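Asker: Coordinates in coords-v2.cif, mmCIF, C-alpha atoms, are listed below.
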data_upload
#
loop_
_atom_site.label_atom_id
_atom_site.label_comp_id
_atom_site.auth_asym_id
_atom_site.auth_seq_id
_atom_site.Cartn_x
_atom_site.Cartn_y
_atom_site.Cartn_z
CA MET A 233 -120.16 42.57 -49.00
CA THR A 234 -122.53 40.33 -50.94
CA THR A 235 -125.06 39.89 -48.18
CA GLY A 236 -128.81 39.39 -48.21
CA PRO A 237 -131.10 38.64 -51.09
CA ILE A 238 -131.18 42.31 -52.16
CA GLY A 239 -131.31 42.77 -55.89
CA SER A 240 -133.15 39.60 -56.82
CA SER A 241 -136.73 39.78 -55.57
CA PHE A 242 -136.52 42.49 -52.94
CA ALA A 243 -138.65 45.52 -53.93
CA PRO A 244 -138.85 48.03 -51.03
CA THR A 245 -141.67 50.57 -51.06
CA ASP A 246 -139.69 53.10 -48.99
CA PRO A 247 -137.88 55.40 -51.49
CA LEU A 248 -134.74 55.60 -49.33
CA LEU A 249 -134.56 51.82 -49.03
CA ALA A 250 -135.13 51.53 -52.77
CA ILE A 251 -132.19 53.85 -53.44
CA LEU A 252 -129.97 51.90 -51.05
CA ALA A 253 -131.04 48.60 -52.60
CA LYS A 254 -130.18 49.96 -56.04
CA GLU A 255 -126.80 51.12 -54.75
CA ILE A 256 -126.09 47.65 -53.43
CA GLU A 257 -127.08 46.17 -56.78
CA VAL A 258 -124.63 48.49 -58.54
CA GLU A 259 -121.88 47.58 -56.08
CA GLN A 260 -122.57 43.89 -56.59
CA GLU A 261 -122.22 44.40 -60.33
CA ASN A 262 -118.94 46.24 -59.72
CA GLN A 263 -117.69 43.38 -57.58
CA LYS A 264 -118.55 40.88 -60.31
CA HIS A 265 -116.67 43.03 -62.79
CA GLU A 266 -113.62 43.22 -60.50
CA ASP A 267 -113.75 39.44 -60.06
CA GLY A 268 -113.66 39.13 -63.83
CA VAL A 269 -110.71 41.52 -64.00
CA ARG A 270 -108.91 39.51 -61.35
CA VAL A 271 -109.42 36.22 -63.20
CA ALA A 272 -108.26 37.84 -66.46
CA ALA A 273 -105.19 39.32 -64.71
CA ARG A 274 -104.40 35.95 -63.16
CA ASN A 275 -104.55 34.24 -66.56
CA ALA A 276 -102.51 37.02 -68.15
CA LYS A 277 -99.86 36.61 -65.45
CA ILE A 278 -99.68 32.84 -66.01
CA SER A 279 -99.36 33.36 -69.74
CA ALA A 280 -96.71 36.10 -69.37
CA ASP A 281 -94.74 34.01 -66.87
CA GLN A 282 -94.76 31.07 -69.28
CA ALA A 283 -93.47 33.34 -72.05
CA ALA A 284 -90.72 34.66 -69.74
CA ILE A 285 -89.72 31.10 -68.80
CA GLN A 286 -89.67 30.04 -72.46
CA ALA A 287 -87.49 33.08 -73.22
CA LEU A 288 -85.00 31.96 -70.56
CA HIS A 289 -84.81 28.46 -72.08
CA ASP A 290 -84.40 30.02 -75.55
CA GLN A 291 -81.59 32.15 -74.16
CA ALA A 292 -79.87 29.04 -72.78
CA ASP A 293 -80.31 27.26 -76.14
CA ALA A 294 -78.81 30.26 -77.95
CA ILE A 295 -75.74 30.18 -75.70
CA ARG A 296 -75.41 26.43 -76.31
CA ALA A 297 -75.69 26.88 -80.08
CA GLY A 298 -73.03 29.58 -80.04
CA ALA A 299 -70.78 27.42 -77.87
CA TRP A 300 -71.15 24.48 -80.26
CA VAL A 301 -70.25 26.61 -83.28
CA SER A 302 -67.26 28.09 -81.46
CA PHE A 303 -66.06 24.72 -80.15
CA GLY A 304 -66.57 23.01 -83.53
CA LEU A 305 -64.61 25.64 -85.44
CA LYS A 306 -61.85 25.78 -82.84
CA THR A 307 -61.45 22.01 -82.78
CA ALA A 308 -61.55 21.75 -86.57
CA GLY A 309 -59.03 24.60 -86.81
CA ALA A 310 -56.73 22.93 -84.26
CA VAL A 311 -56.91 19.59 -86.10
CA VAL A 312 -56.13 21.21 -89.46
CA GLU A 313 -53.31 23.27 -87.96
CA GLY A 314 -51.99 20.20 -86.15
CA VAL A 315 -51.94 18.27 -89.43
CA GLY A 316 -50.08 21.16 -91.01
CA ILE A 317 -47.46 21.25 -88.24
CA ALA A 318 -47.06 17.48 -88.12
CA THR A 319 -46.53 17.23 -91.86
CA THR A 320 -44.03 20.08 -92.05
CA PRO A 321 -40.85 18.54 -93.45
CA THR A 322 -37.76 18.92 -91.28
CA ALA A 323 -35.17 17.41 -93.61
CA LYS A 324 -33.22 19.39 -96.17
CA GLY A 325 -33.12 18.32 -99.77
CA LYS A 326 -29.96 16.82 -101.23
CA ASP A 327 -30.65 17.73 -104.81
CA ALA A 328 -32.81 20.13 -106.74
CA ALA A 329 -35.68 17.68 -107.25
CA GLU A 330 -35.84 16.75 -103.58
CA CYS A 331 -35.59 20.40 -102.57
CA SER A 332 -38.48 21.17 -104.86
CA ARG A 333 -40.59 18.32 -103.44
CA ILE A 334 -39.85 19.36 -99.87
CA ALA A 335 -40.63 23.00 -100.68
CA ASN A 336 -43.91 21.89 -102.20
CA GLN A 337 -44.74 19.83 -99.14
CA ARG A 338 -43.78 22.72 -96.87
CA ASN A 339 -46.11 25.00 -98.79
CA TRP A 340 -48.96 22.54 -98.27
CA SER A 341 -48.17 22.20 -94.59
CA ASN A 342 -47.93 25.93 -94.16
CA GLY A 343 -51.23 26.28 -95.98
CA PHE A 344 -52.84 23.78 -93.63
CA SER A 345 -51.40 25.54 -90.60
CA ALA A 346 -52.52 28.95 -91.76
CA GLY A 347 -55.98 27.63 -92.69
CA GLY A 348 -56.32 25.95 -89.32
CA ARG A 349 -55.31 29.10 -87.51
CA MET A 350 -57.76 31.13 -89.53
CA LEU A 351 -60.54 28.66 -88.80
CA ALA A 352 -59.73 28.67 -85.09
CA GLY A 353 -59.50 32.46 -85.14
CA GLN A 354 -63.05 32.70 -86.49
CA ALA A 355 -64.42 30.34 -83.85
CA GLU A 356 -65.07 32.94 -81.18
CA PRO A 357 -66.58 35.71 -83.36
CA LEU A 358 -68.76 33.27 -85.29
CA GLY A 359 -69.89 31.57 -82.08
CA LYS A 360 -70.80 34.98 -80.70
CA LEU A 361 -72.57 35.90 -83.92
CA VAL A 362 -74.72 32.77 -83.80
CA GLY A 363 -75.31 32.80 -80.06
CA ASP A 364 -75.58 36.51 -79.31
CA ALA A 365 -78.28 37.37 -81.85
CA ASN A 366 -80.65 34.69 -80.55
CA GLU A 367 -79.64 35.33 -76.95
CA LYS A 368 -80.41 39.05 -77.22
CA GLU A 369 -83.75 38.32 -78.89
CA ALA A 370 -84.65 35.84 -76.14
CA GLU A 371 -83.54 38.33 -73.50
CA ALA A 372 -85.74 41.03 -75.03
CA LYS A 373 -88.71 38.65 -75.16
CA GLY A 374 -88.08 37.69 -71.54
CA ALA A 375 -87.95 41.33 -70.44
CA ALA A 376 -91.21 42.08 -72.31
CA ALA A 377 -92.89 39.05 -70.74
CA LYS A 378 -91.67 40.08 -67.29
CA MET A 379 -93.22 43.53 -67.81
CA ARG A 380 -96.51 41.92 -68.86
CA SER A 381 -96.42 39.72 -65.79
CA ASP A 382 -95.75 42.68 -63.48
CA SER A 383 -98.53 44.63 -65.17
CA ALA A 384 -100.95 41.71 -64.68
CA ASP A 385 -99.91 41.60 -61.01
CA ALA A 386 -100.70 45.29 -60.68
CA ASP A 387 -104.09 44.77 -62.40
CA TYR A 388 -104.87 41.94 -59.99
CA ASP A 389 -103.98 44.03 -56.95
CA ALA A 390 -105.96 47.02 -58.27
CA ALA A 391 -109.04 44.87 -58.89
CA LEU A 392 -108.73 43.34 -55.42
CA SER A 393 -108.42 46.77 -53.84
CA LEU A 394 -111.47 48.09 -55.73
CA LYS A 395 -113.47 45.05 -54.70
CA GLN A 396 -112.52 45.48 -51.05
CA LYS A 397 -113.53 49.14 -51.22
CA SER A 398 -116.85 48.15 -52.77
CA GLU A 399 -117.41 45.55 -50.02
CA THR A 400 -116.73 48.15 -47.34
CA HIS A 401 -119.21 50.47 -49.02
CA VAL A 402 -121.89 47.75 -49.18
CA ASN A 403 -121.30 46.96 -45.50
CA ALA A 404 -121.92 50.60 -44.65
CA ILE A 405 -125.15 50.58 -46.68
CA ILE A 406 -126.34 47.39 -44.99
CA GLU A 407 -125.73 48.87 -41.55
CA GLN A 408 -127.69 51.94 -42.63
CA VAL A 409 -130.56 49.73 -43.84
CA GLN A 410 -130.51 47.78 -40.58
CA SER A 411 -130.77 51.02 -38.61
CA LEU A 412 -133.66 52.18 -40.78
CA ILE A 413 -135.50 48.87 -40.36
CA ALA A 414 -134.96 48.96 -36.60
CA LEU A 415 -136.32 52.51 -36.49
CA ALA A 416 -139.36 51.51 -38.58
CA ARG A 417 -140.05 48.58 -36.26
CA GLN A 418 -139.79 50.74 -33.19
CA ALA A 419 -142.27 53.14 -34.79
CA CYS A 420 -144.65 50.26 -35.60
CA ASP A 421 -144.36 48.91 -32.05
CA HIS A 422 -145.03 52.38 -30.70
CA VAL A 423 -148.18 52.72 -32.85
CA LEU A 424 -149.37 49.18 -32.00
CA SER A 425 -148.87 49.76 -28.26
CA ARG A 426 -151.45 52.57 -28.41
CA PHE A 427 -154.23 50.16 -29.38
CA MET B 133 -122.29 15.38 -41.96
CA GLU B 134 -125.39 14.05 -40.16
CA PRO B 135 -128.72 14.80 -41.93
CA LEU B 136 -130.74 17.50 -40.23
CA HIS B 137 -134.12 16.71 -38.60
CA LEU B 138 -136.10 19.91 -38.97
CA GLY B 139 -139.60 18.86 -37.88
CA GLY B 140 -141.30 20.97 -35.24
CA ILE B 141 -139.52 24.31 -35.72
CA SER B 142 -140.67 27.41 -37.58
CA PRO B 143 -140.06 27.68 -41.33
CA HIS B 144 -137.82 30.68 -40.66
CA LEU B 145 -135.54 28.67 -38.39
CA GLN B 146 -135.67 25.69 -40.75
CA LEU B 147 -134.39 27.92 -43.53
CA LEU B 148 -131.69 29.25 -41.23
CA ALA B 149 -130.62 25.71 -40.30
CA LEU B 150 -130.39 24.72 -43.96
CA GLN B 151 -128.33 27.82 -44.69
CA GLU B 152 -126.02 26.96 -41.80
CA GLU B 153 -125.60 23.40 -43.09
CA SER B 154 -124.73 24.70 -46.54
CA SER B 155 -122.29 27.19 -45.04
CA GLN B 156 -120.59 24.48 -42.99
CA THR B 157 -120.07 22.41 -46.14
CA GLN B 158 -118.70 25.49 -47.88
CA ARG B 159 -116.39 26.27 -44.94
CA GLU B 160 -115.08 22.71 -44.88
CA GLY B 161 -114.47 22.85 -48.64
CA ASP B 162 -112.66 26.16 -48.25
CA ARG B 163 -110.49 24.76 -45.46
CA GLN B 164 -109.45 21.81 -47.63
CA GLU B 165 -108.80 24.14 -50.56
CA VAL B 166 -106.62 26.41 -48.41
CA ASP B 167 -104.67 23.37 -47.13
CA ARG B 168 -104.17 22.13 -50.68
CA LEU B 169 -103.01 25.55 -51.87
CA ASP B 170 -100.74 25.93 -48.82
CA HIS B 171 -99.02 22.67 -49.75
CA ARG B 172 -98.72 23.81 -53.33
CA VAL B 173 -97.15 27.12 -52.28
CA ASP B 174 -94.70 25.35 -49.93
CA ALA B 175 -93.72 22.81 -52.59
CA ALA B 176 -93.27 25.52 -55.21
CA ARG B 177 -91.12 27.65 -52.88
CA ALA B 178 -88.99 24.62 -51.94
CA PHE B 179 -88.51 23.74 -55.61
CA GLN B 180 -87.67 27.36 -56.36
CA ARG B 181 -84.97 27.39 -53.65
CA PHE B 182 -83.58 24.09 -54.97
CA GLU B 183 -83.39 25.43 -58.54
CA ILE B 184 -81.75 28.68 -57.42
CA GLN B 185 -79.14 26.60 -55.59
CA ARG B 186 -78.57 24.47 -58.71
CA ALA B 187 -78.23 27.61 -60.84
CA GLN B 188 -75.66 28.96 -58.38
CA GLU B 189 -73.65 25.72 -58.57
CA GLU B 190 -73.77 25.77 -62.36
CA ARG B 191 -72.52 29.37 -62.35
CA GLU B 192 -69.61 28.40 -60.10
CA ASP B 193 -68.73 25.54 -62.47
CA ALA B 194 -68.99 27.92 -65.44
CA SER B 195 -66.65 30.33 -63.70
CA MET B 196 -64.17 27.54 -62.95
CA TRP B 197 -64.15 26.38 -66.59
CA GLU B 198 -63.76 29.96 -67.72
CA ASP B 199 -60.61 30.18 -65.59
CA VAL B 200 -59.37 26.94 -67.13
CA ALA B 201 -60.08 28.32 -70.61
CA GLY B 202 -58.17 31.50 -69.72
CA THR B 203 -55.22 29.42 -68.55
CA PHE B 204 -55.17 27.40 -71.77
CA LYS B 205 -55.35 30.61 -73.74
CA THR B 206 -52.32 31.91 -71.88
CA VAL B 207 -50.47 28.64 -72.51
CA SER B 208 -51.38 28.84 -76.18
CA ILE B 209 -50.17 32.41 -76.51
CA VAL B 210 -46.95 31.74 -74.58
CA ALA B 211 -46.22 28.58 -76.60
CA ALA B 212 -46.91 30.41 -79.86
CA SER B 213 -44.59 33.22 -78.77
CA ALA B 214 -41.94 30.69 -77.80
CA ALA B 215 -42.30 29.05 -81.19
CA ALA B 216 -41.92 32.40 -82.91
CA ILE B 217 -38.84 33.25 -80.84
CA ALA B 218 -37.32 29.83 -81.43
CA ALA B 219 -37.98 30.12 -85.15
CA THR B 220 -35.75 33.21 -85.32
CA GLY B 221 -32.94 31.01 -84.00
CA GLY B 222 -31.41 33.74 -81.85
CA GLY B 223 -28.60 32.91 -79.50
CA GLY B 224 -30.77 33.24 -76.41
CA THR B 225 -33.64 31.15 -77.77
CA ALA B 226 -33.29 28.41 -75.21
CA ALA B 227 -33.00 30.94 -72.40
CA VAL B 228 -36.07 32.82 -73.61
CA ILE B 229 -38.16 29.62 -73.78
CA VAL B 230 -37.01 28.53 -70.33
CA ALA B 231 -37.76 32.03 -68.97
CA ALA B 232 -41.26 31.90 -70.51
CA GLY B 233 -41.88 28.53 -68.83
CA ALA B 234 -40.60 29.87 -65.52
CA ALA B 235 -42.87 32.89 -65.87
CA MET B 236 -45.85 30.57 -66.37
CA LYS B 237 -44.95 28.61 -63.25
CA LEU B 238 -44.47 31.79 -61.26
CA GLY B 239 -47.77 33.12 -62.60
CA ALA B 240 -49.50 29.93 -61.44
CA LYS B 241 -48.06 30.27 -57.95
CA VAL B 242 -48.84 33.96 -57.57
CA GLY B 243 -52.27 33.60 -59.21
CA GLU B 244 -53.26 30.82 -56.84
CA GLU B 245 -51.95 32.59 -53.74
CA THR B 246 -53.73 35.84 -54.61
CA GLY B 247 -56.93 34.01 -55.54
CA ILE B 248 -57.01 35.32 -59.13
CA ILE B 249 -57.13 31.72 -60.42
CA ASP B 250 -58.27 28.57 -58.65
CA ALA B 251 -56.15 25.54 -57.78
CA ASP B 252 -57.10 23.55 -60.91
CA ALA B 253 -56.24 26.40 -63.26
CA ALA B 254 -52.98 27.06 -61.39
CA ASN B 255 -52.08 23.38 -61.71
CA VAL B 256 -52.66 23.43 -65.46
CA LEU B 257 -50.56 26.61 -65.83
CA ASP B 258 -47.81 25.09 -63.72
CA ILE B 259 -47.71 21.93 -65.84
CA GLY B 260 -47.73 24.05 -69.01
CA GLY B 261 -44.79 26.04 -67.64
CA THR B 262 -42.88 22.83 -66.89
CA VAL B 263 -43.48 21.57 -70.43
CA VAL B 264 -42.30 24.85 -71.97
CA MET B 265 -39.22 24.94 -69.70
CA ALA B 266 -38.40 21.35 -70.61
CA GLY B 267 -38.73 22.22 -74.29
CA GLY B 268 -36.39 25.18 -73.87
CA ALA B 269 -33.89 23.09 -71.94
CA ALA B 270 -34.06 20.33 -74.55
CA PHE B 271 -33.42 22.89 -77.22
CA GLY B 272 -30.43 24.27 -75.35
CA VAL B 273 -28.99 20.81 -74.69
CA ALA B 274 -29.52 19.75 -78.31
CA ALA B 275 -27.90 22.92 -79.58
CA ALA B 276 -24.92 22.54 -77.24
CA ALA B 277 -24.51 18.82 -77.95
CA SER B 278 -24.51 19.41 -81.66
CA GLY B 279 -21.49 21.63 -81.16
CA ALA B 280 -20.56 23.31 -84.37
CA SER B 281 -22.89 21.15 -86.41
CA TYR B 282 -25.18 23.66 -88.07
CA ALA B 283 -27.48 20.95 -89.45
CA ALA B 284 -28.03 19.38 -86.03
CA ALA B 285 -28.73 22.74 -84.45
CA GLU B 286 -31.22 23.53 -87.19
CA GLY B 287 -32.90 20.14 -86.66
CA ALA B 288 -33.20 20.76 -82.94
CA LYS B 289 -34.59 24.23 -83.58
CA THR B 290 -37.20 22.90 -85.99
CA THR B 291 -38.24 20.25 -83.48
CA VAL B 292 -38.61 22.82 -80.73
CA VAL B 293 -40.54 25.19 -83.00
CA GLN B 294 -42.88 22.44 -84.12
CA GLY B 295 -43.28 21.18 -80.59
CA ALA B 296 -44.10 24.65 -79.32
CA ARG B 297 -46.59 25.18 -82.14
CA MET B 298 -48.20 21.84 -81.37
CA VAL B 299 -48.45 22.82 -77.69
CA SER B 300 -49.98 26.14 -78.75
CA THR B 301 -52.49 24.41 -81.03
CA GLY B 302 -53.35 21.80 -78.42
CA ALA B 303 -53.78 24.49 -75.79
CA SER B 304 -56.01 26.42 -78.17
CA ALA B 305 -58.18 23.33 -78.72
CA ALA B 306 -58.28 22.74 -74.96
CA GLU B 307 -59.30 26.37 -74.50
CA GLY B 308 -62.16 25.78 -76.97
CA TYR B 309 -63.28 22.74 -75.00
CA ALA B 310 -63.05 24.58 -71.66
CA SER B 311 -64.98 27.53 -73.13
CA LYS B 312 -67.67 25.17 -74.33
CA ARG B 313 -67.91 23.55 -70.92
CA SER B 314 -68.16 27.02 -69.39
CA SER B 315 -70.94 27.98 -71.82
CA ASP B 316 -72.72 24.67 -71.14
CA HIS B 317 -72.71 25.36 -67.42
CA ALA B 318 -73.78 28.98 -67.98
CA SER B 319 -76.71 27.87 -70.16
CA ASN B 320 -77.63 25.17 -67.63
CA ALA B 321 -77.70 27.92 -64.99
CA ILE B 322 -80.14 29.90 -67.13
CA ASP B 323 -82.28 26.77 -67.58
CA HIS B 324 -82.35 26.38 -63.79
CA ASP B 325 -83.27 30.08 -63.53
CA GLY B 326 -86.18 29.24 -65.83
CA HIS B 327 -87.27 26.34 -63.64
CA ALA B 328 -86.99 28.56 -60.56
CA ARG B 329 -89.06 31.22 -62.30
CA SER B 330 -91.65 28.60 -63.21
CA ALA B 331 -91.85 27.46 -59.59
CA GLU B 332 -92.09 31.08 -58.46
CA SER B 333 -94.97 31.67 -60.86
CA ILE B 334 -96.82 28.55 -59.69
CA GLY B 335 -96.24 29.60 -56.07
CA ASP B 336 -97.44 33.16 -56.72
CA VAL B 337 -100.62 32.01 -58.46
CA ALA B 338 -101.33 29.47 -55.71
CA ASP B 339 -100.71 32.24 -53.17
CA GLN B 340 -103.23 34.49 -54.91
CA ASP B 341 -105.73 31.64 -55.17
CA ARG B 342 -105.32 30.88 -51.47
CA ASP B 343 -105.82 34.54 -50.58
CA ALA B 344 -108.97 34.57 -52.71
CA VAL B 345 -110.34 31.49 -50.90
CA VAL B 346 -109.45 32.97 -47.49
CA ASP B 347 -111.13 36.21 -48.53
CA ARG B 348 -114.25 34.35 -49.74
CA SER B 349 -114.33 32.36 -46.51
CA ALA B 350 -114.03 35.50 -44.40
CA ARG B 351 -116.87 37.14 -46.34
CA LEU B 352 -119.01 34.03 -45.88
CA ALA B 353 -118.35 34.06 -42.13
CA GLU B 354 -119.26 37.75 -41.95
CA HIS B 355 -122.44 37.11 -43.91
CA GLU B 356 -123.36 34.32 -41.51
CA ARG B 357 -122.82 36.61 -38.54
CA TRP B 358 -125.01 39.20 -40.19
CA VAL B 359 -127.78 36.65 -40.90
CA ALA B 360 -127.56 35.34 -37.35
CA GLY B 361 -127.79 38.87 -35.92
CA GLN B 362 -130.75 39.69 -38.15
CA THR B 363 -132.52 36.47 -37.22
CA ALA B 364 -131.99 37.06 -33.52
CA ALA B 365 -133.34 40.60 -33.87
CA ASN B 366 -136.35 39.36 -35.90
CA LEU B 367 -137.13 36.66 -33.34
CA ALA B 368 -136.87 39.18 -30.49
CA ILE B 369 -139.27 41.56 -32.26
CA GLU B 370 -141.68 38.75 -33.11
CA ASN B 371 -141.65 37.63 -29.48
CA GLN B 372 -142.26 41.16 -28.26
CA GLY B 373 -145.20 41.40 -30.67
CA ARG B 374 -146.65 38.08 -29.49
CA THR B 375 -146.16 39.04 -25.85
CA GLY B 376 -147.85 42.38 -26.40
CA LEU B 377 -150.72 40.75 -28.30
CA ILE B 378 -151.23 38.17 -25.53
CA ALA B 379 -151.12 40.93 -22.91
CA ASN B 380 -153.71 42.93 -24.85
CA ILE B 381 -155.99 39.91 -25.23
CA GLY B 382 -155.62 39.18 -21.49
CA GLY B 383 -156.45 42.86 -20.63
CA LYS B 384 -159.64 42.88 -22.73
CA ARG B 385 -160.94 39.76 -21.00
#
As structure tokens, what does this structure read like?
Answerer:
Amino acid sequence: MTTGPIGSSFAPTDPLLAILAKEIEVEQENQKHEDGVRVAARNAKISADQAAIQALHDQADAIRAGAWVSFGLKTAGAVVEGVGIATTPTAKGKDAAECSRIANQRNWSNGFSAGGRMLAGQAEPLGKLVGDANEKEAEAKGAAAKMRSDSADADYDAALSLKQKSETHVNAIIEQVQSLIALARQACDHVLSRF
Amino acid sequence: MEPLHLGGISPHLQLLALQEESSQTQREGDRQEVDRLDHRVDAARAFQRFEIQRAQEEREDASMWEDVAGTFKTVSIVAASAAAIAATGGGGTAAVIVAAGAAMKLGAKVGEETGIIDADAANVLDIGGTVVMAGGAAFGVAAAASGASYAAAEGAKTTVVQGARMVSTGASAAEGYASKRSSDHASNAIDHDGHARSAESIGDVADQDRDAVVDRSARLAEHERWVAGQTAANLAIENQGRTGLIANIGGKR
């Protein structure tokens, strides 16, 4: 409890009061320190929370990037394969030259189809490759930030608890001082009443 | 607050009155600060609940699109298998394609009834099954109509194979689109999680700040009680001293 002007200009002549006044001064210093710890913990929590939030947004962006890569490759693969299928010749050649031309065209079409399938087949793994790496990194950052935030919370609570203990201690000292002063006054009154 | 008129009372009481005035101002300031922080906490918690709800909705949408993507994947695989079977030109090709389509339709019905897939996904699977069955039937009809004509049967087979491959490719592209939509919703859900976390953080800090103000206010009130008690005790002692002194003076006279 930060009561009374003790510690600034108060200089008791009684040794016991002087010790108690010093004790209060020390406790007041402790309380100031705990206040500082609390403010620092509060700021650390804000900063850690912001980092955790940023990590969540980064995670979302990583998933989006992976999805775009996957979708782009799959669509491109489907278009290429579709072109290959659509251009596959169905007619049979009537002579050797036509057969050769159709075979050539079929080879191209088959090539397109196979290429398209390959492209589409890579869509999912490549999308995962792009998205997962960044997503895992963001997740790890988020987890670290969450730990920092929890730790700052614990620091805040610890500082608050220490301060409350210190206040209780100061209260006890003040009550002791009050009793001593009351006793001293009674003694003075007793002496004065004899005159 | 009205200005204090302190003339005529002892310096000790004047000081006490000034302290009380200062404390009242402080108390009023603390009350306003607590109100402000209370509102901030309430608003942050309300926003947090809203964002959690949004994230939940996004996750449901992501799940729905994932089901759709799964359905398209099935269609793609079935159509590709049908194309492969048709390409072999076996006698039961048409029957196999029709059976595959029927299996898709049955799968849609059973899946929907058991709750494995939702109504939209079941609908897509059902339509896919109808298309595959129609393709198989068309192949069978074309093959039968062509009679002994080998060339016509081959033409019909090629058409069915190409059609099935196109269906497979289209379904694969649709699966890619549905997967992307699912991922978009999933990432939106994470963004909403982030907003909820942000609101939670703001609420927590405001909560701590409010507790600190309440704590400061309580300590101030306790200090005031202590000062008041001390002052009352001091005044009582001073009065006793004065009374005793007056009594002594009176006795000596």
Asker: Please provide as a PyMOL selection string all residues within 12 Å of A:Pro357, with the sequence filter that same-chain residues fewer than 6 positions apart are discarded (counting all atoms listed in the file).
Answerer: chain A and resi 298-299+301-303+305-306+350-351+363-365
Asker: Just to be explicit: take each residue in the selection above, keep C-alpha atoms, and write the result as a PDB file, keeping the file's coordinate frame.
Answerer:
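File out.pdb, as written:
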ATOM      1  CA  GLY A 298     -73.030  29.580 -80.040  1.00  0.00           C
ATOM      2  CA  ALA A 299     -70.780  27.420 -77.870  1.00  0.00           C
ATOM      3  CA  VAL A 301     -70.250  26.610 -83.280  1.00  0.00           C
ATOM      4  CA  SER A 302     -67.260  28.090 -81.460  1.00  0.00           C
ATOM      5  CA  PHE A 303     -66.060  24.720 -80.150  1.00  0.00           C
ATOM      6  CA  LEU A 305     -64.610  25.640 -85.440  1.00  0.00           C
ATOM      7  CA  LYS A 306     -61.850  25.780 -82.840  1.00  0.00           C
ATOM      8  CA  MET A 350     -57.760  31.130 -89.530  1.00  0.00           C
ATOM      9  CA  LEU A 351     -60.540  28.660 -88.800  1.00  0.00           C
ATOM     10  CA  GLY A 363     -75.310  32.800 -80.060  1.00  0.00           C
ATOM     11  CA  ASP A 364     -75.580  36.510 -79.310  1.00  0.00           C
ATOM     12  CA  ALA A 365     -78.280  37.370 -81.850  1.00  0.00           C
TER      13      ALA A 365
END
Asker: At what distance in Å, to one decimal, does atom CA of A:Ala250 lie from atom CA of A:Asp421?
Answerer: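 These atoms are spaced 22.8 Å apart.
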Asker: Please identify every residue of chain B that has at least one atom no more than 7 Å from any atom of chain A, counting all atoms listed in the file, and report them as a ChimeraX atom specification.
Answerer: /B:287,290,294,298,301-302,305,308-309,312,315-316,319-320,322-323,326,329-330,333,351,355
Asker: Tell me, as a VMD selection string, which residues lie within 7 Å of A:Ala391, counting all atoms listed in the file; anything in the same chain fewer than 4 positions away does not count.
Answerer: chain A and resid 266 269 to 270 387 395
Asker: What does the distance from atom CA of B:Ser154 to atom CA of B:Val345 come to in Å, to one decimal?
Answerer: 16.5 Å
Asker: Would you compute the distance between atom CA of B:Leu257 and atom CA of B:Thr203? Give it in Å to one decimal.
Answerer: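 Separating atom CA of B:Leu257 from atom CA of B:Thr203 is a distance of 6.1 Å.
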Asker: To verify the selection step, state as a compact mmCIF listing (two decimals) with C-alpha atoms, keeping the file's coordinate frame which residues the PyMOL selection byres ((chain B and resi 199) around 10) yields on this input.
Answerer:
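Below is the file selection-v9.txt, written as the result:
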# COMPACT_ATOMS: atom_id res chain seq x y z
CA ASP B 193 -68.73 25.54 -62.47
CA ALA B 194 -68.99 27.92 -65.44
CA SER B 195 -66.65 30.33 -63.70
CA MET B 196 -64.17 27.54 -62.95
CA TRP B 197 -64.15 26.38 -66.59
CA GLU B 198 -63.76 29.96 -67.72
CA VAL B 200 -59.37 26.94 -67.13
CA ALA B 201 -60.08 28.32 -70.61
CA GLY B 202 -58.17 31.50 -69.72
CA THR B 203 -55.22 29.42 -68.55
CA PHE B 204 -55.17 27.40 -71.77
CA LYS B 205 -55.35 30.61 -73.74
CA ILE B 248 -57.01 35.32 -59.13
CA ILE B 249 -57.13 31.72 -60.42
CA ASP B 250 -58.27 28.57 -58.65
CA ASP B 252 -57.10 23.55 -60.91
CA ALA B 253 -56.24 26.40 -63.26
CA ALA B 254 -52.98 27.06 -61.39
CA GLU B 307 -59.30 26.37 -74.50
CA ALA B 310 -63.05 24.58 -71.66
CA SER B 311 -64.98 27.53 -73.13
CA SER B 314 -68.16 27.02 -69.39
Asker: Decode the PyMOL selection byres ((chain B and resi 152) around 12) for the given file into explicit residues and return them as a PyMOL selection string.
Answerer: chain B and resi 136+145-151+153-159+352-353+355-357+359-360
Asker: As a check of understanding, name the residues that the PyMOL selection byres ((chain B and resi 182) around 12) selects in the supplied structure, as a PyMOL selection string.
Answerer: chain B and resi 175-181+183-189+324-325+327-329+331-332
Asker: Which residues come within 12 Å of A:Gln408, counting all atoms listed in the file, excluding same-chain residues fewer than 4 positions away, as a list in words?
Answerer: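 Near neighbours after the sequence-gap exclusion: Leu248, Leu249, Ile251, Leu252, Ala253, Ile256, His401, Val402, Asn403, Ala404, Leu412, Ile413, Ala414 and Leu415 of chain A.
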Asker: Quick one: of B:Ala234, B:Leu169, B:Ala226, B:Ala296, who's nearest to B:Ala269, counting all atoms listed in the file?
Answerer: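 Closest to B:Ala269, using all atoms listed in the file: B:Ala226.
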Asker: Any idea what's packed within 9 Å of B:Ile209, counting only C-alpha atoms, ignoring anything in its chain fewer than 3 positions away? Could you give it as a PDB file with C-alpha atoms, keeping the file's coordinate frame?
Answerer:
ATOM      1  CA  PHE B 204     -55.170  27.400 -71.770  1.00  0.00           C
ATOM      2  CA  LYS B 205     -55.350  30.610 -73.740  1.00  0.00           C
ATOM      3  CA  THR B 206     -52.320  31.910 -71.880  1.00  0.00           C
ATOM      4  CA  ALA B 212     -46.910  30.410 -79.860  1.00  0.00           C
ATOM      5  CA  SER B 213     -44.590  33.220 -78.770  1.00  0.00           C
ATOM      6  CA  ALA B 214     -41.940  30.690 -77.800  1.00  0.00           C
ATOM      7  CA  SER B 300     -49.980  26.140 -78.750  1.00  0.00           C
ATOM      8  CA  ALA B 303     -53.780  24.490 -75.790  1.00  0.00           C
ATOM      9  CA  SER B 304     -56.010  26.420 -78.170  1.00  0.00           C
TER      10      SER B 304
END
